[in-house]
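What follows is the content of my_file-v2.txt (compact mmCIF, C-alpha atoms).
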# COMPACT_ATOMS: atom_id res chain seq x y z
CA MET A 1 1.54 -9.41 3.70
CA HIS A 2 3.53 -11.20 6.41
CA ALA A 3 6.24 -12.07 3.89
CA VAL A 4 6.98 -8.32 3.76
CA PHE A 5 7.50 -8.20 7.53
CA LEU A 6 9.80 -11.22 7.47
CA GLU A 7 12.48 -9.46 5.48
CA ALA A 8 11.81 -5.94 6.71
CA HIS A 9 12.78 -7.03 10.22
CA LYS A 10 15.75 -9.04 8.94
CA ALA A 11 17.08 -6.00 7.09
CA GLY A 12 16.57 -3.76 10.10
CA ARG A 13 13.76 -1.83 8.43
CA ALA A 14 10.42 -1.54 10.18
CA ALA A 15 7.48 -1.38 7.80
CA LYS A 16 5.44 1.67 8.75
CA LEU A 17 1.91 1.15 10.03
CA PRO A 18 -0.79 2.07 9.33
CA ALA A 19 -0.19 1.22 5.70
CA VAL A 20 -1.90 0.36 2.45
CA CYS A 21 -1.19 -3.16 1.25
CA LEU A 22 -1.58 -4.38 -2.33
CA ILE A 23 -1.86 -8.15 -2.70
CA VAL A 24 -1.39 -8.91 -6.40
CA SER A 25 -1.13 -12.38 -7.86
CA GLY A 26 -2.74 -14.77 -10.31
CA GLY A 27 -5.76 -15.14 -8.07
CA HIS A 28 -5.93 -11.86 -6.20
CA THR A 29 -5.74 -8.14 -6.77
CA VAL A 30 -6.91 -6.48 -3.58
CA LEU A 31 -6.11 -3.42 -1.48
CA TYR A 32 -6.16 -3.43 2.31
CA GLU A 33 -5.74 -0.82 4.97
CA VAL A 34 -3.47 -2.38 7.61
CA LYS A 35 -3.29 -1.17 11.20
CA ARG A 36 -1.72 -2.36 14.42
CA GLY A 37 -3.83 -4.61 16.59
CA ASP A 38 -3.75 -5.06 20.34
CA SER A 39 -0.99 -2.82 21.70
CA ASN A 40 -0.84 -4.91 24.90
CA ALA A 41 0.27 -8.05 23.07
CA GLN A 42 3.77 -9.44 23.44
CA ASP A 43 4.59 -8.28 19.94
CA ALA A 44 2.13 -5.55 19.00
CA SER A 45 3.49 -5.24 15.46
CA ALA A 46 2.57 -8.87 14.82
CA LEU A 47 -1.12 -8.30 15.53
CA LEU A 48 -2.68 -6.61 12.54
CA ARG A 49 -6.16 -5.46 11.64
CA TYR A 50 -7.18 -5.43 7.99
CA ARG A 51 -9.87 -3.55 6.12
CA LYS A 52 -10.50 -4.26 2.45
CA ILE A 53 -10.69 -0.99 0.52
CA GLY A 54 -10.49 -2.18 -3.10
CA GLN A 55 -10.48 -5.35 -5.19
CA THR A 56 -10.63 -6.58 -8.75
CA ARG A 57 -14.09 -6.85 -10.22
CA ASP A 58 -13.08 -9.51 -12.74
CA ASP A 59 -9.63 -10.84 -13.68
CA ALA A 60 -6.74 -10.56 -11.25
CA ALA A 61 -3.62 -8.87 -12.62
CA GLY A 62 -1.65 -12.12 -12.70
CA GLU A 63 -4.54 -13.84 -14.44
CA ALA A 64 -4.48 -11.16 -17.14
CA TYR A 65 -0.74 -11.79 -17.61
CA ASP A 66 -1.35 -15.52 -18.01
CA LYS A 67 -4.18 -15.06 -20.50
CA VAL A 68 -2.28 -12.55 -22.64
CA ALA A 69 0.81 -14.77 -22.65
CA LYS A 70 -1.29 -17.72 -23.81
CA LEU A 71 -2.96 -15.57 -26.47
CA LEU A 72 0.46 -14.56 -27.83
CA GLY A 73 1.85 -18.10 -27.81
CA LEU A 74 4.26 -17.46 -24.94
CA GLY A 75 3.29 -20.26 -22.57
CA TYR A 76 2.08 -20.49 -18.99
CA PRO A 77 2.55 -18.96 -16.47
CA GLY A 78 2.95 -15.66 -18.27
CA GLY A 79 4.12 -13.08 -15.73
CA ALA A 80 7.87 -13.67 -15.85
CA ILE A 81 8.18 -14.02 -19.64
CA LEU A 82 6.08 -10.92 -20.38
CA ASP A 83 8.08 -8.90 -17.86
CA ARG A 84 11.37 -9.84 -19.54
CA LEU A 85 10.03 -9.30 -23.05
CA ALA A 86 8.72 -5.84 -22.13
CA ALA A 87 12.21 -4.91 -20.97
CA VAL A 88 13.81 -5.72 -24.35
CA SER A 89 11.31 -3.92 -26.59
CA ASN A 90 14.06 -1.35 -27.35
CA GLY A 91 11.73 1.58 -27.81
CA ALA A 92 9.86 0.12 -30.78
CA ALA A 93 6.82 2.19 -31.74
CA ALA A 94 3.72 1.13 -29.82
CA PRO A 95 1.22 -0.63 -32.12
CA VAL A 96 -1.62 0.38 -29.78
CA ARG A 97 -2.13 2.53 -26.68
CA PHE A 98 -4.15 1.30 -23.72
CA GLY A 99 -5.79 4.05 -21.72
CA PRO A 100 -6.44 3.98 -17.96
CA THR A 101 -9.36 1.93 -16.72
CA ARG A 102 -12.31 4.04 -15.57
CA MET A 103 -14.22 2.61 -12.62
CA LYS A 104 -17.73 3.50 -11.53
CA GLY A 105 -18.40 3.37 -7.82
CA ASN A 106 -15.32 2.54 -5.79
CA ALA A 107 -12.39 4.28 -7.49
CA LEU A 108 -9.97 1.93 -5.70
CA ASP A 109 -11.35 -1.17 -7.43
CA PHE A 110 -9.46 -2.81 -10.29
CA SER A 111 -10.48 -4.37 -13.59
CA PHE A 112 -8.19 -6.16 -16.04
CA SER A 113 -10.68 -8.07 -18.17
CA GLY A 114 -11.14 -5.11 -20.54
CA LEU A 115 -7.40 -4.75 -21.04
CA LYS A 116 -7.04 -8.44 -21.83
CA THR A 117 -9.90 -8.18 -24.32
CA ALA A 118 -8.32 -5.10 -25.93
CA VAL A 119 -5.15 -7.10 -26.57
CA LEU A 120 -7.25 -9.91 -28.08
CA TYR A 121 -9.10 -7.55 -30.43
CA HIS A 122 -5.87 -5.87 -31.50
CA VAL A 123 -4.27 -9.22 -32.38
CA ARG A 124 -7.37 -10.29 -34.32
CA GLU A 125 -7.38 -7.00 -36.23
CA TYR A 126 -3.82 -7.50 -37.56
CA PRO A 127 -3.31 -10.95 -39.17
CA GLU A 128 0.48 -10.51 -39.24
CA TYR A 129 0.57 -11.62 -35.60
CA SER A 130 -0.88 -15.03 -36.48
CA GLU A 131 2.17 -16.58 -38.12
CA GLU A 132 4.59 -15.76 -35.33
CA ILE A 133 2.08 -16.87 -32.68
CA ARG A 134 1.84 -20.21 -34.46
CA THR A 135 5.65 -20.42 -34.62
CA ARG A 136 5.94 -19.82 -30.88
CA GLU A 137 3.21 -22.36 -30.10
CA GLU A 138 5.12 -24.95 -32.11
CA ALA A 139 8.28 -24.08 -30.20
CA LEU A 140 6.43 -24.60 -26.91
CA LEU A 141 5.30 -28.03 -28.08
CA ARG A 142 8.97 -28.88 -28.67
CA GLY A 143 9.73 -27.88 -25.09
CA GLN A 144 11.34 -24.56 -26.00
CA ARG A 145 9.95 -22.42 -23.19
CA LYS A 146 12.95 -20.42 -22.04
CA PHE A 147 13.16 -16.68 -22.59
CA GLU A 148 16.31 -17.09 -24.72
CA GLN A 149 14.44 -19.49 -27.02
CA LEU A 150 11.27 -17.41 -27.37
CA VAL A 151 12.59 -13.87 -27.72
CA PRO A 152 14.05 -14.47 -31.25
CA LEU A 153 10.56 -15.58 -32.30
CA CYS A 154 9.00 -12.24 -31.29
CA SER A 155 8.82 -9.37 -33.77
CA PRO A 156 9.48 -5.78 -32.63
CA LYS A 157 5.74 -5.20 -32.94
CA THR A 158 4.95 -8.04 -30.56
CA LEU A 159 7.57 -6.84 -28.07
CA ALA A 160 6.07 -3.35 -28.18
CA LEU A 161 2.58 -4.79 -27.66
CA VAL A 162 3.80 -6.66 -24.59
CA ARG A 163 5.43 -3.47 -23.30
CA GLU A 164 2.22 -1.49 -23.70
CA PHE A 165 0.20 -4.20 -21.95
CA GLN A 166 2.60 -4.19 -19.01
CA ASN A 167 2.64 -0.39 -18.90
CA ALA A 168 -1.13 -0.41 -18.53
CA VAL A 169 -1.15 -3.03 -15.76
CA VAL A 170 1.63 -1.38 -13.77
CA ARG A 171 0.10 2.08 -14.15
CA ASP A 172 -3.25 0.87 -12.82
CA LEU A 173 -1.77 -1.01 -9.86
CA VAL A 174 0.50 1.84 -8.82
CA GLU A 175 -1.99 4.67 -9.34
CA ARG A 176 -4.81 3.11 -7.33
CA THR A 177 -2.50 2.00 -4.54
CA MET A 178 -0.84 5.40 -4.23
CA ASN A 179 -4.25 7.12 -4.39
CA ALA A 180 -5.36 4.94 -1.48
CA ALA A 181 -2.20 5.84 0.47
CA GLU A 182 -2.92 9.54 -0.10
CA GLU A 183 -6.59 9.24 0.87
CA LEU A 184 -5.74 7.43 4.11
CA ALA A 185 -2.70 9.64 4.83
CA VAL A 186 -0.40 6.65 5.46
CA GLU A 187 3.39 6.69 5.15
CA GLY A 188 3.82 3.03 4.23
CA VAL A 189 2.83 0.86 1.26
CA LEU A 190 3.23 -2.93 1.28
CA VAL A 191 3.20 -4.93 -1.97
CA SER A 192 3.14 -8.72 -2.01
CA GLY A 193 1.98 -11.69 -4.06
CA GLY A 194 3.42 -13.32 -7.17
CA VAL A 195 3.11 -10.23 -9.40
CA ALA A 196 5.16 -8.30 -6.81
CA ALA A 197 8.18 -9.99 -8.45
CA ASN A 198 7.61 -7.91 -11.60
CA SER A 199 10.64 -5.68 -12.19
CA GLN A 200 8.75 -2.75 -13.71
CA LEU A 201 6.16 -2.79 -10.92
CA ARG A 202 8.92 -2.63 -8.29
CA ALA A 203 10.81 0.17 -10.02
CA THR A 204 7.66 2.24 -10.58
CA PHE A 205 6.45 1.84 -7.01
CA GLU A 206 9.85 2.80 -5.62
CA ALA A 207 10.01 5.92 -7.80
CA ARG A 208 6.45 6.99 -6.92
CA GLY A 209 6.97 6.27 -3.25
CA LYS A 210 10.15 8.36 -3.17
CA SER A 211 8.48 11.32 -4.84
CA ALA A 212 5.45 11.08 -2.51
CA GLY A 213 7.44 10.56 0.68
CA VAL A 214 5.96 7.08 1.18
CA ASP A 215 8.05 4.04 2.09
CA VAL A 216 7.30 1.07 -0.17
CA PHE A 217 8.11 -2.45 1.05
CA PHE A 218 8.32 -5.61 -1.06
CA PRO A 219 9.33 -9.13 -0.10
CA SER A 220 12.23 -10.58 -2.06
CA ARG A 221 11.29 -12.18 -5.36
CA ALA A 222 11.76 -15.61 -3.79
CA LEU A 223 9.26 -14.88 -1.01
CA SER A 224 6.80 -13.17 -3.36
CA THR A 225 5.63 -16.62 -4.48
CA ASP A 226 6.53 -18.76 -1.43
CA ASN A 227 3.21 -19.66 0.18
CA ALA A 228 4.89 -21.81 2.84
CA ALA A 229 6.97 -18.89 4.11
CA MET A 230 3.95 -16.59 4.13
CA ILE A 231 1.87 -19.01 6.18
CA ALA A 232 4.72 -19.73 8.59
CA ALA A 233 5.31 -16.01 9.13
CA ALA A 234 1.64 -15.36 9.84
CA ALA A 235 1.43 -18.34 12.20
CA TYR A 236 4.59 -17.35 14.08
CA SER A 237 3.27 -13.82 14.59
CA ARG A 238 0.01 -15.12 16.03
CA PHE A 239 1.89 -17.60 18.24
CA ARG A 240 4.04 -14.83 19.73
CA ALA A 241 0.89 -12.81 20.36
CA GLY A 242 -0.69 -15.73 22.23
CA HIS A 243 -3.32 -16.50 19.59
CA TYR A 244 -3.26 -20.29 19.36
CA ARG A 245 -5.55 -23.17 20.13
CA GLY A 246 -5.86 -23.79 23.86
CA HIS A 247 -5.10 -20.19 24.86
CA ASN A 248 -7.51 -18.18 22.74
CA PRO A 249 -11.11 -18.43 24.03
CA GLN A 250 -12.45 -17.80 20.54
CA CYS A 251 -10.42 -20.71 19.17
CA ARG A 252 -11.64 -23.00 21.98
CA SER A 253 -15.24 -22.20 21.23
CA GLN A 254 -14.73 -23.16 17.59
CA SER A 255 -12.86 -26.42 18.29
CA ARG A 256 -14.37 -29.56 16.80
CA PRO A 257 -15.59 -32.24 19.26
CA GLY A 258 -12.93 -34.81 20.00
CA LEU A 259 -10.04 -32.63 18.83
CA VAL A 260 -7.08 -32.89 21.18
CA LYS A 261 -5.85 -29.44 22.23
CA ARG A 262 -2.15 -29.02 22.78
CA THR A 263 -0.24 -25.99 23.98
CA PRO A 264 2.59 -25.25 21.50

Target format structure tokens, applied to this file:
Amino acid sequence: MHAVFLEAHKAGRAAKLPAVCLIVSGGHTVLYEVKRGDSNAQDASALLRYRKIGQTRDDAAGEAYDKVAKLLGLGYPGGAILDRLAAVSNGAAAPVRFGPTRMKGNALDFSFSGLKTAVLYHVREYPEYSEEIRTREEALLRGQRKFEQLVPLCSPKTLALVREFQNAVVRDLVERTMNAAEELAVEGVLVSGGVAANSQLRATFEARGKSAGVDVFFPSRALSTDNAAMIAAAAYSRFRAGHYRGHNPQCRSQSRPGLVKRTP
């Protein structure tokens, strides 16, 4: 989330708060409502309050990408290769259509396990996939993992399957996030995490945000997966707000015995 603020400030754009934030990666798919914190702080925009409003009930979106890529003999991690393959499917007829995921209870929750399983069942149903999957797995064993090396080993049917899988993931992420933004009447949407680097996800969010009058903010692709930058940004914000060991009473009460406290 803080990676978004890093570059928004640098570019002279202020991310609007309150906002809905989607954190989407290999380990997380979660929606938060984000509001300003203490308005009396040195930098009020740096102090945020978060409320979880939706989460995945099983696989994270990035995890589903990785599992489908492995299933299709496309290596690990799978997000980047599937994104590029979906873009070169050239309008080939879809071998299968994946419908939207229906959720009982919290309509802002996610689920990607069923989609992953649907891909698995489809591949098992049509044996013609098996030979090319085996060919790609052999290429991986030879160290041929680059997009340029794998795309010639993918049939139009496989490329269309990848496209349909990605369409389903992107549709679910965008729809639930934009529904949350509408329910909470916010004007800003933040999207971060490794899957935020996905080109189709970015383009779809930007188009939906424009039509809905909602500003959508992403970090750059480099910062989407840079944990060090994220942590540094969050720490710097808390430092400017005066939330650090030795100055925050709550932090002092939680200090371990014998730990030397220093003022930064």

Shortest contact to Pro77 in chain A, candidates A:Pro127, A:Pro18, A:Gly62, A:Pro156, atoms counted all atoms listed in the file, goes to A:Gly62

Which residues are close to Asp109 in chain A, i.e. within 9 Å by all atoms listed in the file, leaving aside same-chain residues fewer than 5 positions away? Reply as a tab-separated table (two decimals) with C-alpha atoms, in the coordinates of the input.
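around04.tsv written:
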chain	number	residue	atom	x	y	z
A	29	THR	CA	-5.74	-8.14	-6.77
A	30	VAL	CA	-6.91	-6.48	-3.58
A	31	LEU	CA	-6.11	-3.42	-1.48
A	53	ILE	CA	-10.69	-0.99	0.52
A	54	GLY	CA	-10.49	-2.18	-3.10
A	55	GLN	CA	-10.48	-5.35	-5.19
A	56	THR	CA	-10.63	-6.58	-8.75
A	57	ARG	CA	-14.09	-6.85	-10.22
A	103	MET	CA	-14.22	2.61	-12.62
A	104	LYS	CA	-17.73	3.50	-11.53
A	176	ARG	CA	-4.81	3.11	-7.33

Please provide as an MDAnalysis selection string all residues within 9 Å of range 119-126 of chain A, with the sequence filter that same-chain residues fewer than 5 positions apart are discarded (counting all atoms listed in the file). chainID A and resid 68 71:72 95:96 98 114 161 165

Interatomic distance, CA of Arg142 in chain A to CA of Gly79 in chain A (Å, one decimal):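 These atoms are spaced 21.0 Å apart.
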
From A:Gly193, A:Leu17, A:Ser211, A:Ser199, residue lying nearest Ala3 in chain A [all atoms listed in the file]: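 Nearest candidate to Ala3 in chain A out of A:Gly193, A:Leu17, A:Ser211, A:Ser199: A:Gly193.
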
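Atom pair CA of Glu175 in chain A / CA of Phe5 in chain A has a distance of 23.2 Å (rounded to one decimal).
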
Across A:Val216, A:Leu108, A:Val174, A:Ala241, the smallest distance to Glu187 in chain A, with all atoms listed in the file counted, is shown by A:Val216

Of the listed residues A:Ile81, A:Val195, A:Ala92, A:Leu48, that which approaches Ser25 in chain A most closely, counting all atoms listed in the file: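 Of A:Ile81, A:Val195, A:Ala92, A:Leu48, the one nearest Ser25 in chain A is A:Val195, counting all atoms listed in the file.
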
Check your understanding: What is the distance between CA of Tyr50 in chain A and CA of Leu190 in chain A, in Å to one decimal?
Key ->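 About the pair CA of Tyr50 in chain A and CA of Leu190 in chain A: they are 12.6 Å apart.
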
List every protein, DNA or RNA residue that has at least one atom no more than 8 Å from (-1.9, -10.0, -20.3) in the file's coordinates, counting all atoms listed in the file, and write the result as a PyMOL selection string.
-> chain A and resi 61-69+78+115-116+119+162+165-166

Per-axis box centre and lengths in Å around range 237-246 of chain A, 5 Å margin per side, axis-aligned, as AutoDock Vina command-line options:
--center_x -0.9 --center_y -18.3 --center_z 19.2 --size_x 19.9 --size_y 21.0 --size_z 19.3

- [ ] Name all residues at most 10 Å from range 99-102 of chain A (count all atoms listed in the file; drop same-chain ones fewer than 4 positions away) and give them as a VMD selection string.
- [x] chain A and resid 107 109 to 112 114 to 115 164 167 to 169 171 to 172 175

Q | Residues near Glu206 in chain A, cut-off 12 Å, only C-alpha atoms, skip fewer than 3 positions along chain, as a PyMOL selection string | A | chain A and resi 174+178+188-191+199-203+209-218

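Here the question is which of A:Leu47, A:Met1, A:Leu153, A:Val34 gets nearest to Phe239 in chain A using only C-alpha atoms, and that residue is A:Leu47.
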
| Neighbours of Val186 in chain A within 7 Å (only C-alpha atoms; same-chain residues fewer than 3 positions away dropped), as JSON, numbers by chain? | {"A": [18, 19, 181, 182]}

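The shortest atom-to-atom distance to Glu128 in chain A, with only C-alpha atoms taken into account, belongs to A:Lys157 out of A:Lys35, A:Arg84, A:Lys157, A:Arg145.
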